[in-house]
>>> print(open('query_12.txt').read())   # compact mmCIF, C-alpha atoms and all ligand atoms
# COMPACT_ATOMS: atom_id res chain seq x y z
CA MET T 1 17.30 8.27 22.43
CA GLN T 2 14.66 6.39 24.45
CA GLN T 3 11.02 7.06 25.11
CA LEU T 4 8.02 5.22 26.47
CA ILE T 5 4.78 5.49 24.53
CA ARG T 6 1.74 4.60 26.63
CA GLY T 7 -1.72 3.57 25.46
CA ARG T 8 -3.89 0.59 24.60
CA VAL T 9 -1.54 -1.51 22.50
CA LEU T 10 -2.67 -3.89 19.75
CA ASP T 11 -0.72 -5.92 17.25
CA PHE T 12 -1.06 -9.18 15.33
CA HIS T 13 1.17 -12.22 15.12
CA ALA T 14 -1.06 -14.32 12.84
CA ASP T 15 -3.94 -13.96 10.40
CA PRO T 16 -7.31 -14.00 12.21
CA ALA T 17 -8.67 -16.05 9.29
CA ASP T 18 -6.18 -18.82 10.14
CA THR T 19 -6.20 -19.00 13.93
CA GLU T 20 -7.87 -17.65 17.04
CA ASP T 21 -4.50 -16.92 18.61
CA ASN T 22 -3.76 -13.98 16.33
CA HIS T 23 -3.34 -10.76 18.30
CA ARG T 24 -1.97 -9.24 21.48
CA TYR T 25 -3.93 -6.52 23.25
CA ILE T 26 -2.62 -4.71 26.32
CA GLU T 27 -5.17 -2.43 27.99
CA ASP T 28 -2.62 -0.33 29.88
CA GLY T 29 0.30 -1.00 27.60
CA ALA T 30 3.47 0.73 26.56
CA ILE T 31 6.08 0.57 23.83
CA LEU T 32 9.68 1.35 24.64
CA VAL T 33 11.31 3.00 21.63
CA ARG T 34 15.06 3.25 21.28
CA ASP T 35 16.84 4.78 18.27
CA GLY T 36 13.84 4.43 15.99
CA LEU T 37 13.23 0.78 16.86
CA VAL T 38 10.86 -1.06 19.17
CA ALA T 39 12.92 -2.08 22.19
CA ALA T 40 10.11 -3.66 24.24
CA VAL T 41 6.33 -3.91 24.48
CA GLY T 42 4.40 -4.79 27.61
CA GLU T 43 2.34 -3.64 30.55
CA TYR T 44 2.97 0.01 31.33
CA ALA T 45 3.60 -0.86 34.98
CA GLU T 46 6.42 -3.19 33.99
CA LEU T 47 8.14 -0.82 31.57
CA ALA T 48 7.69 2.47 33.47
CA ASN T 49 10.89 4.01 34.71
CA PRO T 50 11.34 7.52 36.14
CA ASP T 51 14.31 8.16 33.83
CA LEU T 52 12.23 7.70 30.66
CA THR T 53 10.42 10.40 28.71
CA GLU T 54 6.79 9.34 28.45
CA ILE T 55 4.10 10.14 25.92
CA ASP T 56 0.65 9.19 27.14
CA HIS T 57 -1.91 8.36 24.44
CA ARG T 58 -4.55 6.85 26.71
CA PRO T 59 -7.38 6.09 25.99
CA HIS T 60 -6.33 5.72 22.34
CA LEU T 61 -5.25 2.53 20.59
CA ILE T 62 -1.67 2.14 19.36
CA LEU T 63 -1.07 -0.22 16.41
CA PRO T 64 1.73 -0.72 13.91
CA GLY T 65 1.45 1.99 11.23
CA PHE T 66 -0.75 1.29 8.23
CA ILE T 67 0.85 -0.03 5.04
CA ASP T 68 -0.58 0.97 1.65
CA THR T 69 0.50 -1.61 -0.93
CA HIS T 70 -0.57 0.26 -4.09
CA ILE T 71 -0.70 4.01 -4.61
CA HIS T 72 0.22 6.46 -7.38
CA PHE T 73 2.32 9.35 -6.11
CA PRO T 74 1.83 11.54 -9.26
CA GLN T 75 -1.95 11.34 -8.91
CA VAL T 76 -2.28 13.65 -5.88
CA GLN T 77 -4.00 16.14 -8.22
CA VAL T 78 -6.01 13.48 -10.07
CA ILE T 79 -7.97 12.02 -7.11
CA GLY T 80 -11.68 12.79 -7.49
CA SER T 81 -11.83 13.23 -11.29
CA TRP T 82 -15.34 12.74 -12.64
CA GLY T 83 -17.13 10.38 -14.90
CA ALA T 84 -14.80 7.85 -16.51
CA GLN T 85 -13.84 4.20 -16.34
CA LEU T 86 -10.23 3.06 -16.41
CA LEU T 87 -8.97 3.63 -19.97
CA ASP T 88 -10.76 6.98 -20.46
CA TRP T 89 -9.78 8.05 -16.97
CA LEU T 90 -6.10 7.36 -17.76
CA ASN T 91 -6.22 9.26 -21.06
CA THR T 92 -8.38 12.16 -19.91
CA TYR T 93 -7.01 12.90 -16.47
CA THR T 94 -4.06 10.78 -15.47
CA PHE T 95 -1.52 10.86 -18.29
CA PRO T 96 -1.78 14.68 -18.72
CA GLU T 97 -1.27 15.14 -14.97
CA GLU T 98 1.68 12.75 -14.85
CA ALA T 99 3.26 14.74 -17.70
CA ARG T 100 3.59 17.71 -15.31
CA PHE T 101 6.20 15.77 -13.36
CA ALA T 102 8.73 16.70 -16.04
CA GLN T 103 8.58 20.30 -14.80
CA GLN T 104 11.38 21.45 -12.57
CA GLY T 105 10.35 21.62 -8.91
CA HIS T 106 6.97 19.92 -9.33
CA ALA T 107 7.96 16.42 -8.16
CA PRO T 108 9.74 17.60 -4.96
CA ALA T 109 6.76 19.78 -3.98
CA MET T 110 4.31 16.94 -4.62
CA ALA T 111 6.52 14.41 -2.79
CA ASP T 112 6.39 16.43 0.42
CA ALA T 113 2.64 16.89 0.11
CA PHE T 114 2.17 13.18 -0.64
CA LEU T 115 4.14 12.00 2.40
CA ASP T 116 2.34 14.49 4.65
CA LEU T 117 -0.96 13.08 3.40
CA LEU T 118 0.15 9.51 4.06
CA THR T 119 1.22 10.17 7.64
CA SER T 120 -1.79 12.35 8.45
CA HIS T 121 -3.89 9.32 7.44
CA GLY T 122 -1.84 6.91 9.58
CA THR T 123 0.11 5.31 6.75
CA THR T 124 3.78 4.78 7.48
CA THR T 125 4.87 2.72 4.45
CA ALA T 126 3.58 2.86 0.89
CA VAL T 127 4.29 0.95 -2.28
CA ALA T 128 4.18 3.74 -4.82
CA PHE T 129 4.14 4.15 -8.57
CA CYS T 130 6.00 7.30 -9.60
CA SER T 131 5.70 8.97 -13.02
CA VAL T 132 7.80 7.93 -16.01
CA HIS T 133 10.35 10.61 -15.13
CA ALA T 134 13.33 9.47 -13.06
CA ALA T 135 13.11 12.79 -11.19
CA SER T 136 9.73 11.80 -9.74
CA ALA T 137 11.19 8.70 -8.07
CA GLU T 138 14.26 10.65 -7.03
CA ALA T 139 12.01 13.25 -5.35
CA LEU T 140 9.91 10.65 -3.54
CA PHE T 141 12.90 8.70 -2.23
CA SER T 142 14.66 11.91 -1.10
CA ALA T 143 11.60 13.14 0.77
CA ALA T 144 11.03 9.70 2.35
CA GLU T 145 14.68 9.42 3.36
CA SER T 146 14.59 12.80 5.07
CA ARG T 147 11.65 11.50 7.18
CA ASN T 148 13.29 8.08 7.68
CA MET T 149 10.08 6.63 6.20
CA ALA T 150 10.09 3.23 4.47
CA MET T 151 8.99 3.55 0.84
CA VAL T 152 8.86 0.90 -1.83
CA ALA T 153 8.70 2.82 -5.09
CA GLY T 154 9.74 2.94 -8.70
CA LYS T 155 9.52 5.05 -11.80
CA VAL T 156 6.87 3.73 -14.12
CA MET T 157 8.07 2.16 -17.37
CA MET T 158 5.73 2.84 -20.30
CA ASP T 159 6.70 3.07 -23.96
CA ARG T 160 3.42 3.10 -25.91
CA ASN T 161 -0.29 3.97 -25.92
CA ALA T 162 0.12 7.20 -23.99
CA PRO T 163 1.15 10.78 -24.85
CA GLU T 164 4.77 11.29 -25.84
CA ALA T 165 5.41 13.34 -22.69
CA VAL T 166 4.92 10.27 -20.47
CA LEU T 167 6.74 7.69 -22.59
CA ASP T 168 10.19 6.21 -22.20
CA THR T 169 11.82 3.57 -24.41
CA PRO T 170 12.78 -0.01 -23.59
CA GLN T 171 16.40 1.14 -23.21
CA SER T 172 15.81 4.38 -21.29
CA GLY T 173 13.22 2.67 -19.06
CA TYR T 174 15.77 -0.01 -18.24
CA ASP T 175 18.66 2.43 -17.78
CA ASP T 176 16.74 4.92 -15.64
CA SER T 177 15.25 2.15 -13.48
CA LYS T 178 18.65 0.58 -13.00
CA ALA T 179 20.30 3.86 -12.03
CA LEU T 180 17.54 4.63 -9.51
CA LEU T 181 17.68 1.09 -8.18
CA GLU T 182 21.46 1.20 -7.75
CA LYS T 183 21.17 4.48 -5.89
CA TRP T 184 18.13 3.85 -3.69
CA HIS T 185 17.46 0.13 -3.18
CA GLY T 186 18.50 -0.73 0.38
CA ARG T 187 19.66 2.81 1.17
CA GLY T 188 18.31 3.41 4.69
CA ARG T 189 14.67 2.35 4.61
CA GLN T 190 14.16 2.84 0.86
CA ARG T 191 13.48 -0.06 -1.50
CA TYR T 192 13.15 0.03 -5.27
CA ALA T 193 10.18 -1.56 -7.05
CA ILE T 194 10.60 -2.41 -10.73
CA THR T 195 7.48 -0.80 -12.22
CA PRO T 196 6.13 -1.68 -15.67
CA ARG T 197 2.81 0.24 -15.59
CA PHE T 198 0.75 -2.52 -17.30
CA ALA T 199 0.84 -4.53 -20.50
CA ILE T 200 -1.10 -1.95 -22.52
CA THR T 201 1.59 0.70 -22.08
CA SER T 202 4.59 -1.60 -22.54
CA THR T 203 5.80 -3.12 -25.81
CA PRO T 204 7.04 -6.71 -25.75
CA GLU T 205 10.56 -5.23 -26.02
CA GLN T 206 10.02 -3.23 -22.84
CA LEU T 207 8.66 -6.23 -20.93
CA GLU T 208 11.64 -8.24 -22.17
CA MET T 209 14.03 -5.67 -20.69
CA THR T 210 11.92 -5.52 -17.53
CA GLY T 211 12.41 -9.28 -17.19
CA GLN T 212 16.14 -8.77 -17.57
CA LEU T 213 16.15 -6.21 -14.76
CA VAL T 214 14.13 -8.60 -12.58
CA ARG T 215 16.69 -11.36 -13.18
CA GLU T 216 19.55 -9.00 -12.30
CA TYR T 217 17.84 -7.79 -9.09
CA PRO T 218 15.76 -10.69 -7.75
CA ASP T 219 15.55 -8.96 -4.36
CA CYS T 220 13.41 -6.07 -5.71
CA HIS T 221 9.65 -5.94 -5.75
CA ILE T 222 7.86 -5.65 -9.08
CA GLN T 223 4.58 -3.74 -9.25
CA THR T 224 2.06 -3.58 -12.06
CA HIS T 225 -1.68 -3.88 -12.80
CA LEU T 226 -3.69 -6.97 -13.74
CA SER T 227 -7.32 -7.51 -14.84
CA GLU T 228 -8.86 -4.37 -13.39
CA ASN T 229 -11.46 -3.63 -16.06
CA LEU T 230 -13.12 -5.68 -18.82
CA ASP T 231 -12.25 -3.26 -21.65
CA GLU T 232 -8.66 -3.20 -20.39
CA ILE T 233 -8.50 -7.01 -20.56
CA ASP T 234 -9.87 -7.11 -24.13
CA TYR T 235 -7.45 -4.45 -25.32
CA THR T 236 -4.53 -6.14 -23.55
CA LEU T 237 -5.23 -9.52 -25.15
CA SER T 238 -5.52 -7.85 -28.58
CA LEU T 239 -2.01 -6.40 -28.08
CA TYR T 240 -0.59 -9.78 -27.00
CA PRO T 241 -2.53 -12.22 -29.20
CA LYS T 242 -0.32 -15.19 -28.31
CA ALA T 243 -0.94 -14.88 -24.57
CA ARG T 244 -3.22 -17.51 -22.98
CA ASP T 245 -4.57 -14.84 -20.64
CA TYR T 246 -3.50 -11.50 -19.11
CA LEU T 247 -1.23 -13.05 -16.46
CA ASP T 248 0.49 -15.11 -19.15
CA ILE T 249 1.98 -11.88 -20.57
CA TYR T 250 3.80 -11.15 -17.33
CA GLU T 251 4.68 -14.83 -17.01
CA THR T 252 6.22 -14.91 -20.50
CA TYR T 253 8.67 -12.20 -19.47
CA GLY T 254 9.62 -13.89 -16.20
CA LEU T 255 7.93 -11.48 -13.81
CA LEU T 256 6.01 -13.96 -11.63
CA SER T 257 7.27 -14.53 -8.09
CA ASP T 258 6.43 -13.67 -4.50
CA LYS T 259 7.93 -10.23 -5.19
CA LEU T 260 5.26 -9.42 -7.78
CA LEU T 261 2.39 -7.15 -6.69
CA LEU T 262 -0.57 -7.30 -9.06
CA GLY T 263 -2.86 -4.33 -8.49
CA HIS T 264 -6.59 -5.12 -8.77
CA SER T 265 -6.58 -8.78 -9.93
CA ILE T 266 -10.36 -8.74 -10.23
CA HIS T 267 -11.53 -10.54 -13.38
CA LEU T 268 -9.26 -13.58 -13.22
CA ARG T 269 -9.50 -16.90 -14.98
CA GLU T 270 -8.93 -20.20 -13.19
CA ARG T 271 -5.51 -20.68 -14.75
CA GLU T 272 -4.40 -17.23 -13.65
CA ILE T 273 -5.43 -17.84 -10.06
CA LYS T 274 -3.65 -21.19 -10.05
CA ARG T 275 -0.43 -19.68 -11.43
CA MET T 276 -0.56 -16.80 -8.94
CA ALA T 277 -0.83 -19.33 -6.13
CA GLU T 278 1.95 -21.54 -7.54
CA THR T 279 4.36 -18.66 -8.04
CA GLY T 280 3.42 -16.76 -4.86
CA SER T 281 2.44 -13.67 -6.89
CA ARG T 282 0.39 -11.24 -4.78
CA ALA T 283 -3.02 -9.79 -5.57
CA VAL T 284 -3.70 -6.26 -4.32
CA PHE T 285 -7.29 -5.27 -3.52
CA CYS T 286 -8.05 -1.57 -4.14
CA PRO T 287 -11.65 -1.14 -2.94
CA THR T 288 -12.28 2.61 -3.27
CA SER T 289 -10.75 2.62 -6.74
CA ASN T 290 -12.67 -0.43 -7.91
CA LEU T 291 -15.95 1.20 -6.92
CA PHE T 292 -15.03 4.68 -8.16
CA LEU T 293 -13.90 3.51 -11.61
CA GLY T 294 -16.68 0.90 -11.76
CA SER T 295 -14.07 -1.82 -12.25
CA GLY T 296 -15.55 -4.79 -10.41
CA LEU T 297 -15.71 -6.75 -7.16
CA PHE T 298 -12.55 -8.41 -5.82
CA ASP T 299 -12.92 -12.06 -4.76
CA GLU T 300 -11.01 -12.16 -1.47
CA ALA T 301 -12.33 -15.52 -0.30
CA GLY T 302 -11.82 -17.16 -3.69
CA LEU T 303 -8.20 -16.06 -3.90
CA ARG T 304 -7.53 -17.05 -0.30
CA ALA T 305 -9.04 -20.50 -0.85
CA ALA T 306 -6.79 -20.93 -3.89
CA GLY T 307 -3.74 -19.99 -1.82
CA VAL T 308 -3.13 -16.50 -3.20
CA VAL T 309 -1.84 -13.90 -0.72
CA SER T 310 -3.59 -10.52 -1.04
CA GLY T 311 -2.69 -7.03 0.05
CA VAL T 312 -5.11 -4.14 0.42
CA ALA T 313 -4.46 -0.62 -0.83
CA THR T 314 -5.87 2.81 -1.65
CA ASP T 315 -4.82 3.14 -5.32
CA VAL T 316 -5.05 6.94 -5.09
CA GLY T 317 -5.87 8.68 -7.50
CA GLY T 318 -8.21 6.00 -8.95
CA GLY T 319 -8.87 5.42 -5.27
CA THR T 320 -10.79 8.15 -3.49
CA SER T 321 -9.18 8.24 -0.04
CA TYR T 322 -5.69 8.15 1.45
CA SER T 323 -7.23 6.54 4.52
CA MET T 324 -6.69 2.83 5.06
CA LEU T 325 -9.69 3.03 7.43
CA GLN T 326 -11.90 4.23 4.56
CA THR T 327 -10.27 1.64 2.30
CA LEU T 328 -11.29 -1.10 4.75
CA ASN T 329 -14.77 0.43 4.97
CA GLU T 330 -15.29 0.16 1.21
CA GLY T 331 -13.54 -3.23 1.22
CA TYR T 332 -16.09 -4.47 3.74
CA LYS T 333 -18.92 -3.35 1.43
CA ILE T 334 -17.44 -4.95 -1.68
CA LEU T 335 -17.07 -8.23 0.16
CA GLN T 336 -20.67 -7.87 1.39
CA LEU T 337 -21.78 -7.71 -2.26
CA ARG T 338 -19.90 -10.97 -2.82
CA GLY T 339 -21.44 -12.60 0.25
CA GLN T 340 -18.07 -12.49 2.05
CA LYS T 341 -17.39 -11.13 5.53
CA LEU T 342 -14.49 -8.91 6.55
CA HIS T 343 -14.20 -9.19 10.34
CA PRO T 344 -12.69 -6.09 12.00
CA LEU T 345 -9.76 -8.07 13.41
CA SER T 346 -9.04 -9.36 9.90
CA ALA T 347 -9.37 -5.85 8.51
CA PHE T 348 -6.84 -4.33 10.93
CA HIS T 349 -4.55 -7.31 10.49
CA TRP T 350 -4.70 -6.78 6.72
CA ALA T 351 -3.76 -3.09 6.81
CA THR T 352 -0.81 -3.82 9.12
CA ARG T 353 0.79 -7.27 9.36
CA GLY T 354 -1.14 -8.71 6.40
CA ASN T 355 0.25 -6.11 4.02
CA ALA T 356 3.70 -6.57 5.53
CA VAL T 357 3.43 -10.31 4.82
CA ALA T 358 2.33 -9.54 1.25
CA LEU T 359 5.57 -7.55 0.93
CA GLY T 360 7.70 -10.12 2.78
CA MET T 361 8.63 -7.33 5.22
CA GLN T 362 6.83 -8.60 8.33
CA ASP T 363 10.05 -8.73 10.36
CA ARG T 364 10.41 -4.92 10.04
CA ILE T 365 6.94 -3.35 9.69
CA GLY T 366 3.31 -4.19 10.47
CA THR T 367 4.48 -5.55 13.83
CA LEU T 368 5.52 -4.35 17.28
CA ALA T 369 8.03 -7.15 17.79
CA PRO T 370 11.27 -6.04 19.50
CA GLY T 371 13.83 -4.93 16.93
CA SER T 372 11.25 -3.87 14.35
CA ASP T 373 10.89 -0.30 13.13
CA ALA T 374 8.98 2.03 15.44
CA ASP T 375 6.22 2.97 12.98
CA PHE T 376 2.88 3.36 14.78
CA VAL T 377 -0.59 4.75 14.29
CA VAL T 378 -2.56 6.05 17.28
CA LEU T 379 -6.31 5.70 16.76
CA ASP T 380 -9.07 7.70 18.44
CA ALA T 381 -12.43 5.94 18.15
CA HIS T 382 -14.18 9.02 19.62
CA ALA T 383 -12.76 11.42 17.03
CA THR T 384 -16.07 12.72 15.67
CA PRO T 385 -19.46 13.28 17.31
CA ALA T 386 -20.93 10.38 15.30
CA MET T 387 -18.14 8.06 16.43
CA ALA T 388 -18.35 9.18 20.06
CA LEU T 389 -22.10 8.55 20.14
CA ARG T 390 -21.74 5.11 18.57
CA MET T 391 -18.90 4.24 20.95
CA GLN T 392 -21.31 4.59 23.89
CA ARG T 393 -22.76 1.26 22.78
CA ALA T 394 -19.46 -0.47 22.00
CA GLN T 395 -18.52 -3.22 24.43
CA THR T 396 -15.65 -5.06 22.79
CA LEU T 397 -12.36 -4.29 21.08
CA ALA T 398 -13.76 -5.73 17.84
CA GLU T 399 -16.69 -3.32 17.97
CA GLU T 400 -14.38 -0.38 18.54
CA LEU T 401 -12.23 -1.46 15.59
CA PHE T 402 -15.28 -1.78 13.38
CA ILE T 403 -16.44 1.74 14.32
CA LEU T 404 -12.99 3.02 13.38
CA GLN T 405 -13.15 1.08 10.10
CA ILE T 406 -16.60 2.27 9.08
CA LEU T 407 -16.75 5.81 10.51
CA GLY T 408 -13.06 6.69 10.79
CA ASP T 409 -10.76 8.66 8.52
CA ASP T 410 -7.86 11.07 9.10
CA ARG T 411 -9.78 12.68 11.97
CA ALA T 412 -9.36 9.40 13.87
CA ILE T 413 -5.57 9.52 13.55
CA ALA T 414 -4.43 11.01 16.85
CA GLN T 415 -0.75 10.55 15.99
CA THR T 416 1.52 8.73 13.56
CA TYR T 417 5.07 7.72 14.45
CA VAL T 418 7.69 7.09 11.78
CA ALA T 419 10.86 5.46 13.10
CA GLY T 420 9.90 6.64 16.60
CA LYS T 421 9.22 10.25 15.62
CA PRO T 422 5.75 11.82 15.88
CA MET T 423 4.67 13.23 12.53
CA LYS T 424 1.81 15.41 13.81
CA ALA T 425 2.32 18.49 15.94
CA GLU T 426 0.99 17.67 19.43
N1 LIG I 1 -3.73 0.75 -14.83
C1 LIG I 1 -2.65 1.32 -15.41
N2 LIG I 1 -2.35 2.49 -14.85
C2 LIG I 1 -3.24 2.67 -13.87
C3 LIG I 1 -3.44 3.72 -12.92
O1 LIG I 1 -2.73 4.72 -12.86
N3 LIG I 1 -4.50 3.55 -12.06
C4 LIG I 1 -5.31 2.46 -12.10
N4 LIG I 1 -6.31 2.36 -11.23
N5 LIG I 1 -5.13 1.47 -12.99
C5 LIG I 1 -4.12 1.59 -13.86
ZN ZN I 2 -2.87 1.58 -9.75
>>> encode(input="query_12.txt", output="structure tokens")
Amino acid sequence: MQQLIRGRVLDFHADPADTEDNHRYIEDGAILVRDGLVAAVGEYAELANPDLTEIDHRPHLILPGFIDTHIHFPQVQVIGSWGAQLLDWLNTYTFPEEARFAQQGHAPAMADAFLDLLTSHGTTTAVAFCSVHAASAEALFSAAESRNMAMVAGKVMMDRNAPEAVLDTPQSGYDDSKALLEKWHGRGRQRYAITPRFAITSTPEQLEMTGQLVREYPDCHIQTHLSENLDEIDYTLSLYPKARDYLDIYETYGLLSDKLLLGHSIHLREREIKRMAETGSRAVFCPTSNLFLGSGLFDEAGLRAAGVVSGVATDVGGGTSYSMLQTLNEGYKILQLRGQKLHPLSAFHWATRGNAVALGMQDRIGTLAPGSDADFVVLDAHATPAMALRMQRAQTLAEELFILQILGDDRAIAQTYVAGKPMKAE
């Protein structure tokens, strides 16, 4: 199966913060897709061939699909819940909702809805927390596999400080994670992420067994939360009184490496930043969530200067949008409040190749390099009247990208391709 996808093609080969030679832009470009992979990228005139099926997206932009490096699949019916900061929000809205995932049929229905939401917002890969129930991860992986969509996901492990209905035990958390991992990790495009929710909801015994799982499967990602909220940090340190700081808890149980994704990472101490840099542990910036839950302002430039690699993510349902465009919009504003600048080229790099680098998956996704997976987003910078009017004054690619970042959302997603297949009805 071959097809030629025509449009204005943009992808990144380096971080715009590091070098001026960072992207490739082809005004009348095309991507040749064969069997779900990128076969070639170039000028349309050079790739055109009367035998090929063509899809013409001009004048839209075609980029690698967006990657969301931190999202909660069981929170599709939590997003937009009023009036609380992190710990109250978890207890009032989130844990009761996640408890519903024990009900027969609920997880499969939500998994389909969740993946439809991702692709309608241009996201082609997500790193997802599931609920404590193995069936939630099973449902997400099954739905993703049937779309040939790359998911990195895991059932949450949590054995205290939450209602009984969303608790496992150190042993069952280990056993269920291991069974899911054995079944799904590396099957097609699926990857398992070992998922201790955060230190508050795991006993030392559970983190000990998590560390054991990490040692047995060093190839898996690990996802958790770190230093999101000041009350959370105080409570965490009271539960682990011997820890030097929050990160030290995860360090004690052997979780630190370049596979570790630390959601939020806002209120960090010097030692924590240094250890994250030394171990390659990733910070994940969740702008809409950090504003919505009143958590704090992420220090992108500070972490970068210290040598920490950061991803960027929605964190739905603490986050308020599935859109990586809206995520970059709010990210821009947070960095403004810190006196830091997010250039549009850096923003679009971050949501594509940058997040792929944070995952160590840049050879497969976040790129249009030949042989990589044919996951694309097609962006329409004229999607709304406000955007179309503003675009009349745009003269450069960077301006167009910034208009997409600030004014765009799912209406600006003209199409999303997953492994070469369009996800939206034409
Ligand atoms: N910390 C622990 N669990 C969660 C969660 O579900 N959302 C957010 N934003 N932070 C958390
Ligand atoms: Zn989260």
>>> residues_near_ligand(input="query_12.txt", ligand="ligand LIG 1 (chain I)", cutoff="6 Å", atoms="all atoms listed in the file", output="PyMOL selection string")
chain T and resi 197-198+225+318
>>> closest_residue(input="query_12.txt", among="T:Gln103, T:Thr314, T:Ser289, T:Ser172", to="T:Phe73", atoms="only C-alpha atoms")
T:Thr314
>>> atom_distance(input="query_12.txt", atom1="atom CA of T:Tyr250", atom2="atom CA of T:Val132")
19.5 Å
>>> closest_residue(input="query_12.txt", among="T:Gly122, T:Gly186, T:Gly36, T:Gly154", to="T:Ile413", atoms="only C-alpha atoms")
T:Gly122
>>> atom_distance(input="query_12.txt", atom1="atom CA of T:Glu27", atom2="atom CA of T:Glu399")
15.3 Å
>>> residues_near_ligand(input="query_12.txt", ligand="ligand ZN 2 (chain I)", cutoff="10 Å", atoms="all atoms listed in the file", output="number ranges by chain")
T: 69-72, 75, 128-129, 197-198, 223-226, 228, 262-264, 284, 286, 289, 313-319
>>> residues_around(input="query_12.txt", residues="T:Arg282", least_positions_apart="2", cutoff="8 Å", atoms="all atoms listed in the file", output="list in words")
Asp258, Lys259, Leu260, Leu261, Leu262, Met276, Gly280, Val284, Val308, Val309, Ser310, Gly311 and Ala358 of chain T
>>> residues_around(input="query_12.txt", residues="T:Phe292", least_positions_apart="2", cutoff="9 Å", atoms="all atoms listed in the file", output="list in words")
Gly80, Ala84, Gln85, Pro287, Thr288, Ser289, Asn290, Gly294, Ser295, Gly318, Gly319 and Thr320 of chain T
>>> closest_residue(input="query_12.txt", among="T:Glu232, T:Arg304, T:Arg191, T:Leu115", to="T:Trp89", atoms="all atoms listed in the file")
T:Glu232
